[in-house]
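Shown next: structure.pdb, given as PDB, C-alpha atoms.
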MODEL        1
ATOM      1  CA  MET A   1      76.840-103.667 106.991  1.00  0.00           C
ATOM      2  CA  ALA A   2      74.641-102.018 104.378  1.00  0.00           C
ATOM      3  CA  ILE A   3      77.708-101.062 102.360  1.00  0.00           C
ATOM      4  CA  VAL A   4      78.845-104.691 102.264  1.00  0.00           C
ATOM      5  CA  HIS A   5      75.431-105.937 101.203  1.00  0.00           C
ATOM      6  CA  ILE A   6      74.981-103.272  98.528  1.00  0.00           C
ATOM      7  CA  ALA A   7      78.334-104.230  97.004  1.00  0.00           C
ATOM      8  CA  MET A   8      77.323-107.894  97.010  1.00  0.00           C
ATOM      9  CA  PHE A   9      73.904-107.057  95.552  1.00  0.00           C
ATOM     10  CA  ASP A  10      75.358-104.905  92.785  1.00  0.00           C
ATOM     11  CA  ALA A  11      77.844-107.624  91.842  1.00  0.00           C
ATOM     12  CA  VAL A  12      75.027-110.155  91.427  1.00  0.00           C
ATOM     13  CA  ASN A  13      72.709-107.655  89.794  1.00  0.00           C
ATOM     14  CA  ALA A  14      75.408-106.700  87.259  1.00  0.00           C
ATOM     15  CA  VAL A  15      75.158-110.270  85.968  1.00  0.00           C
ATOM     16  CA  ASP A  16      71.437-110.955  86.406  1.00  0.00           C
ATOM     17  CA  GLY A  17      70.143-107.415  85.860  1.00  0.00           C
ATOM     18  CA  ASP A  18      66.775-108.091  87.470  1.00  0.00           C
ATOM     19  CA  TYR A  19      66.782-104.926  89.594  1.00  0.00           C
ATOM     20  CA  GLU A  20      67.947-101.348  89.438  1.00  0.00           C
ATOM     21  CA  SER A  21      71.610-101.082  90.330  1.00  0.00           C
ATOM     22  CA  TYR A  22      72.618 -98.869  93.226  1.00  0.00           C
ATOM     23  CA  THR A  23      75.941 -97.891  91.633  1.00  0.00           C
ATOM     24  CA  GLY A  24      75.228 -98.427  87.931  1.00  0.00           C
ATOM     25  CA  LEU A  25      77.693-101.326  87.748  1.00  0.00           C
ATOM     26  CA  GLN A  26      77.585-103.504  84.643  1.00  0.00           C
ATOM     27  CA  ALA A  27      79.266-106.851  84.068  1.00  0.00           C
ATOM     28  CA  ARG A  28      81.715-107.338  81.261  1.00  0.00           C
ATOM     29  CA  ARG A  29      81.321-110.151  78.745  1.00  0.00           C
ATOM     30  CA  GLY A  30      82.506-113.647  79.463  1.00  0.00           C
ATOM     31  CA  PRO A  31      81.900-116.287  82.104  1.00  0.00           C
ATOM     32  CA  ILE A  32      81.518-114.885  85.620  1.00  0.00           C
ATOM     33  CA  SER A  33      81.552-116.769  88.894  1.00  0.00           C
ATOM     34  CA  LEU A  34      78.929-115.181  91.117  1.00  0.00           C
ATOM     35  CA  ASP A  35      80.559-116.859  94.119  1.00  0.00           C
ATOM     36  CA  ALA A  36      83.860-115.140  93.331  1.00  0.00           C
ATOM     37  CA  ALA A  37      82.168-111.794  92.666  1.00  0.00           C
ATOM     38  CA  ILE A  38      80.196-111.906  95.919  1.00  0.00           C
ATOM     39  CA  SER A  39      83.185-113.050  97.967  1.00  0.00           C
ATOM     40  CA  GLN A  40      85.465-110.368  96.540  1.00  0.00           C
ATOM     41  CA  ALA A  41      82.888-107.585  96.963  1.00  0.00           C
ATOM     42  CA  ALA A  42      82.296-108.587 100.579  1.00  0.00           C
ATOM     43  CA  HIS A  43      86.021-108.908 101.261  1.00  0.00           C
ATOM     44  CA  ASP A  44      86.970-105.523  99.818  1.00  0.00           C
ATOM     45  CA  THR A  45      84.213-103.601 101.587  1.00  0.00           C
ATOM     46  CA  LEU A  46      84.787-105.350 104.911  1.00  0.00           C
ATOM     47  CA  ALA A  47      88.547-104.781 104.643  1.00  0.00           C
ATOM     48  CA  ALA A  48      87.975-101.073 103.990  1.00  0.00           C
ATOM     49  CA  LEU A  49      85.538-100.706 106.885  1.00  0.00           C
ATOM     50  CA  PHE A  50      87.229-102.926 109.480  1.00  0.00           C
ATOM     51  CA  THR A  51      90.936-102.540 108.816  1.00  0.00           C
ATOM     52  CA  ALA A  52      92.011-104.344 111.998  1.00  0.00           C
ATOM     53  CA  GLN A  53      90.460-107.577 110.698  1.00  0.00           C
ATOM     54  CA  VAL A  54      91.978-107.649 107.200  1.00  0.00           C
ATOM     55  CA  ALA A  55      94.008-110.807 107.870  1.00  0.00           C
ATOM     56  CA  SER A  56      90.853-112.696 108.802  1.00  0.00           C
ATOM     57  CA  PHE A  57      89.012-111.406 105.724  1.00  0.00           C
ATOM     58  CA  ASP A  58      91.961-112.367 103.512  1.00  0.00           C
ATOM     59  CA  ALA A  59      91.958-115.922 104.858  1.00  0.00           C
ATOM     60  CA  SER A  60      88.222-116.284 104.309  1.00  0.00           C
ATOM     61  CA  LEU A  61      88.519-114.961 100.755  1.00  0.00           C
ATOM     62  CA  VAL A  62      91.244-117.481  99.883  1.00  0.00           C
ATOM     63  CA  GLU A  63      89.055-120.250 101.262  1.00  0.00           C
ATOM     64  CA  ASP A  64      85.983-119.053  99.337  1.00  0.00           C
ATOM     65  CA  LEU A  65      87.832-118.620  96.048  1.00  0.00           C
ATOM     66  CA  ALA A  66      89.430-122.082  96.300  1.00  0.00           C
ATOM     67  CA  ASP A  67      86.000-123.580  95.623  1.00  0.00           C
ATOM     68  CA  VAL A  68      85.728-121.856  92.217  1.00  0.00           C
ATOM     69  CA  LYS A  69      87.322-124.151  89.641  1.00  0.00           C
ATOM     70  CA  ASN A  70      86.792-122.265  86.348  1.00  0.00           C
ATOM     71  CA  LYS A  71      89.820-119.931  86.195  1.00  0.00           C
ATOM     72  CA  LYS A  72      88.349-117.480  83.668  1.00  0.00           C
ATOM     73  CA  ALA A  73      85.026-117.243  85.515  1.00  0.00           C
ATOM     74  CA  LYS A  74      86.920-116.808  88.790  1.00  0.00           C
ATOM     75  CA  ALA A  75      89.083-114.001  87.387  1.00  0.00           C
ATOM     76  CA  ASN A  76      86.048-112.227  85.926  1.00  0.00           C
ATOM     77  CA  GLY A  77      84.137-112.652  89.194  1.00  0.00           C
ATOM     78  CA  ILE A  78      87.021-111.246  91.217  1.00  0.00           C
ATOM     79  CA  GLU A  79      87.254-108.264  88.874  1.00  0.00           C
ATOM     80  CA  LEU A  80      83.508-107.641  89.120  1.00  0.00           C
ATOM     81  CA  GLY A  81      83.565-107.925  92.900  1.00  0.00           C
ATOM     82  CA  LYS A  82      86.431-105.440  93.118  1.00  0.00           C
ATOM     83  CA  ARG A  83      84.564-102.968  90.912  1.00  0.00           C
ATOM     84  CA  ALA A  84      81.366-103.379  92.964  1.00  0.00           C
ATOM     85  CA  ALA A  85      83.213-102.718  96.214  1.00  0.00           C
ATOM     86  CA  ALA A  86      85.099 -99.751  94.774  1.00  0.00           C
ATOM     87  CA  ALA A  87      81.882 -98.222  93.425  1.00  0.00           C
ATOM     88  CA  ILE A  88      79.988 -98.353  96.725  1.00  0.00           C
ATOM     89  CA  LEU A  89      83.026 -97.235  98.716  1.00  0.00           C
ATOM     90  CA  ALA A  90      83.351 -94.252  96.370  1.00  0.00           C
ATOM     91  CA  PHE A  91      79.694 -93.344  97.029  1.00  0.00           C
ATOM     92  CA  LYS A  92      80.314 -93.657 100.760  1.00  0.00           C
ATOM     93  CA  ALA A  93      83.437 -91.493 100.753  1.00  0.00           C
ATOM     94  CA  ASP A  94      81.597 -88.184 101.231  1.00  0.00           C
ATOM     95  CA  ASP A  95      78.439 -89.320 103.011  1.00  0.00           C
ATOM     96  CA  GLY A  96      79.420 -87.939 106.432  1.00  0.00           C
ATOM     97  CA  SER A  97      79.640 -91.337 108.104  1.00  0.00           C
ATOM     98  CA  ALA A  98      83.307 -90.797 108.990  1.00  0.00           C
ATOM     99  CA  ILE A  99      82.438 -87.798 111.160  1.00  0.00           C
ATOM    100  CA  PRO A 100      82.323 -89.015 114.758  1.00  0.00           C
ATOM    101  CA  GLU A 101      79.230 -88.307 116.784  1.00  0.00           C
ATOM    102  CA  PRO A 102      79.708 -85.625 119.404  1.00  0.00           C
ATOM    103  CA  LEU A 103      80.490 -86.870 122.888  1.00  0.00           C
ATOM    104  CA  MET A 104      77.878 -86.177 125.526  1.00  0.00           C
ATOM    105  CA  GLY A 105      78.981 -83.295 127.726  1.00  0.00           C
ATOM    106  CA  ILE A 106      81.944 -82.425 125.466  1.00  0.00           C
ATOM    107  CA  GLY A 107      80.874 -81.972 121.845  1.00  0.00           C
ATOM    108  CA  TYR A 108      77.179 -81.921 122.643  1.00  0.00           C
ATOM    109  CA  ILE A 109      75.787 -80.189 125.693  1.00  0.00           C
ATOM    110  CA  PRO A 110      72.228 -81.287 126.435  1.00  0.00           C
ATOM    111  CA  SER A 111      69.649 -78.803 127.576  1.00  0.00           C
ATOM    112  CA  GLU A 112      67.275 -79.065 130.482  1.00  0.00           C
ATOM    113  CA  GLN A 113      64.777 -76.850 128.650  1.00  0.00           C
ATOM    114  CA  PRO A 114      61.398 -78.321 127.669  1.00  0.00           C
ATOM    115  CA  GLY A 115      61.354 -79.665 124.119  1.00  0.00           C
ATOM    116  CA  ASN A 116      65.094 -80.296 123.959  1.00  0.00           C
ATOM    117  CA  TRP A 117      66.690 -83.714 123.935  1.00  0.00           C
ATOM    118  CA  ARG A 118      68.110 -85.117 127.163  1.00  0.00           C
ATOM    119  CA  GLN A 119      69.987 -88.332 127.737  1.00  0.00           C
ATOM    120  CA  ASP A 120      67.864 -91.126 129.170  1.00  0.00           C
ATOM    121  CA  PRO A 121      68.712 -91.200 132.897  1.00  0.00           C
ATOM    122  CA  ILE A 122      68.542 -94.995 132.969  1.00  0.00           C
ATOM    123  CA  SER A 123      71.171 -95.510 130.286  1.00  0.00           C
TER     124      SER A 123
ENDMDL
END
Please rewrite the model in this file as structure tokens.
Amino acid sequence: MAIVHIAMFDAVNAVDGDYESYTGLQARRGPISLDAAISQAAHDTLAALFTAQVASFDASLVEDLADVKNKKAKANGIELGKRAAAAILAFKADDGSAIPEPLMGIGYIPSEQPGNWRQDPIS
């Protein structure tokens, strides 16, 4: 969930600028709906990470964006949210998180030798 929250943070921070940005994202000029930016950033990162739940995320995004009445601010917020999500997902692309952990007894063989890790016998 850190990826989702960093995208949301960077979208807000691009407008407010109170903190150091994680991705270096900057907002473009014009009115920006923070609600739209946050919703879009969360949607895009969640959809990329949990592809089986995209329909649910899409429905929630439509509901969230319906509350934003200023069309220009909404469009700018959506654009900012998309850029925030894309930036953090690009950082994540080569971080090694997609490599599955080795399976106990198949990809990782524990050792009974002192000082080596062993699986907890209770779990």
Exercise for the section: Would you mind telling me which residue in A:Asp58, A:Glu79, A:Asp44, A:Asp64 lies nearest to Leu25 in chain A when using only C-alpha atoms? Expected result: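 Of A:Asp58, A:Glu79, A:Asp44, A:Asp64, the one nearest Leu25 in chain A, counting only C-alpha atoms, is A:Glu79.
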Practice task
Would you mind telling me which residue in A:Ile3, A:Ala84, A:Thr51, A:Gln40 lies nearest to Gly24 in chain A when using only C-alpha atoms?
Solution key: A:Ala84
Handout entry: Contacts of Asp10 in chain A within 7 Å, only C-alpha atoms, excl. fewer than 2 positions in-chain, as a list of chain:residue names
Key =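 My reading of the contact set: A:Ile6, A:Ala7, A:Met8, A:Val12, A:Asn13, A:Ala14, A:Ser21, A:Tyr22, A:Leu25, A:Ala84.
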Exercise for the section: Might you spell out which residues the PyMOL selection byres ((chain A and resi 61) around 9) would select in the displayed file, as a list in words? Expected result: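 This file gives the following for the PyMOL selection byres ((chain A and resi 61) around 9): Ala36, Ser39, Gln40, Ala42, His43, Ser56, Phe57, Asp58, Ala59, Ser60, Val62, Glu63, Asp64, Leu65 and Ala66 of chain A.
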Practice task
Have a look at CA of Lys82 in chain A and CA of Arg29 in chain A and let me know their distance in Å, one decimal.
Solution key: 16.0 Å
Handout entry: For CA of Asp94 in chain A and CA of Phe9 in chain A, the interatomic separation in Å (one decimal)
Key =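 It comes out at 21.2 Å.
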Problem - Counting all atoms listed in the file, the option among A:Gln119, A:Thr45, A:Gln113, A:Ser33 closest to Ala87 in chain A - result: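 Between A:Gln119, A:Thr45, A:Gln113, A:Ser33, the residue approaching Ala87 in chain A most closely is A:Thr45.
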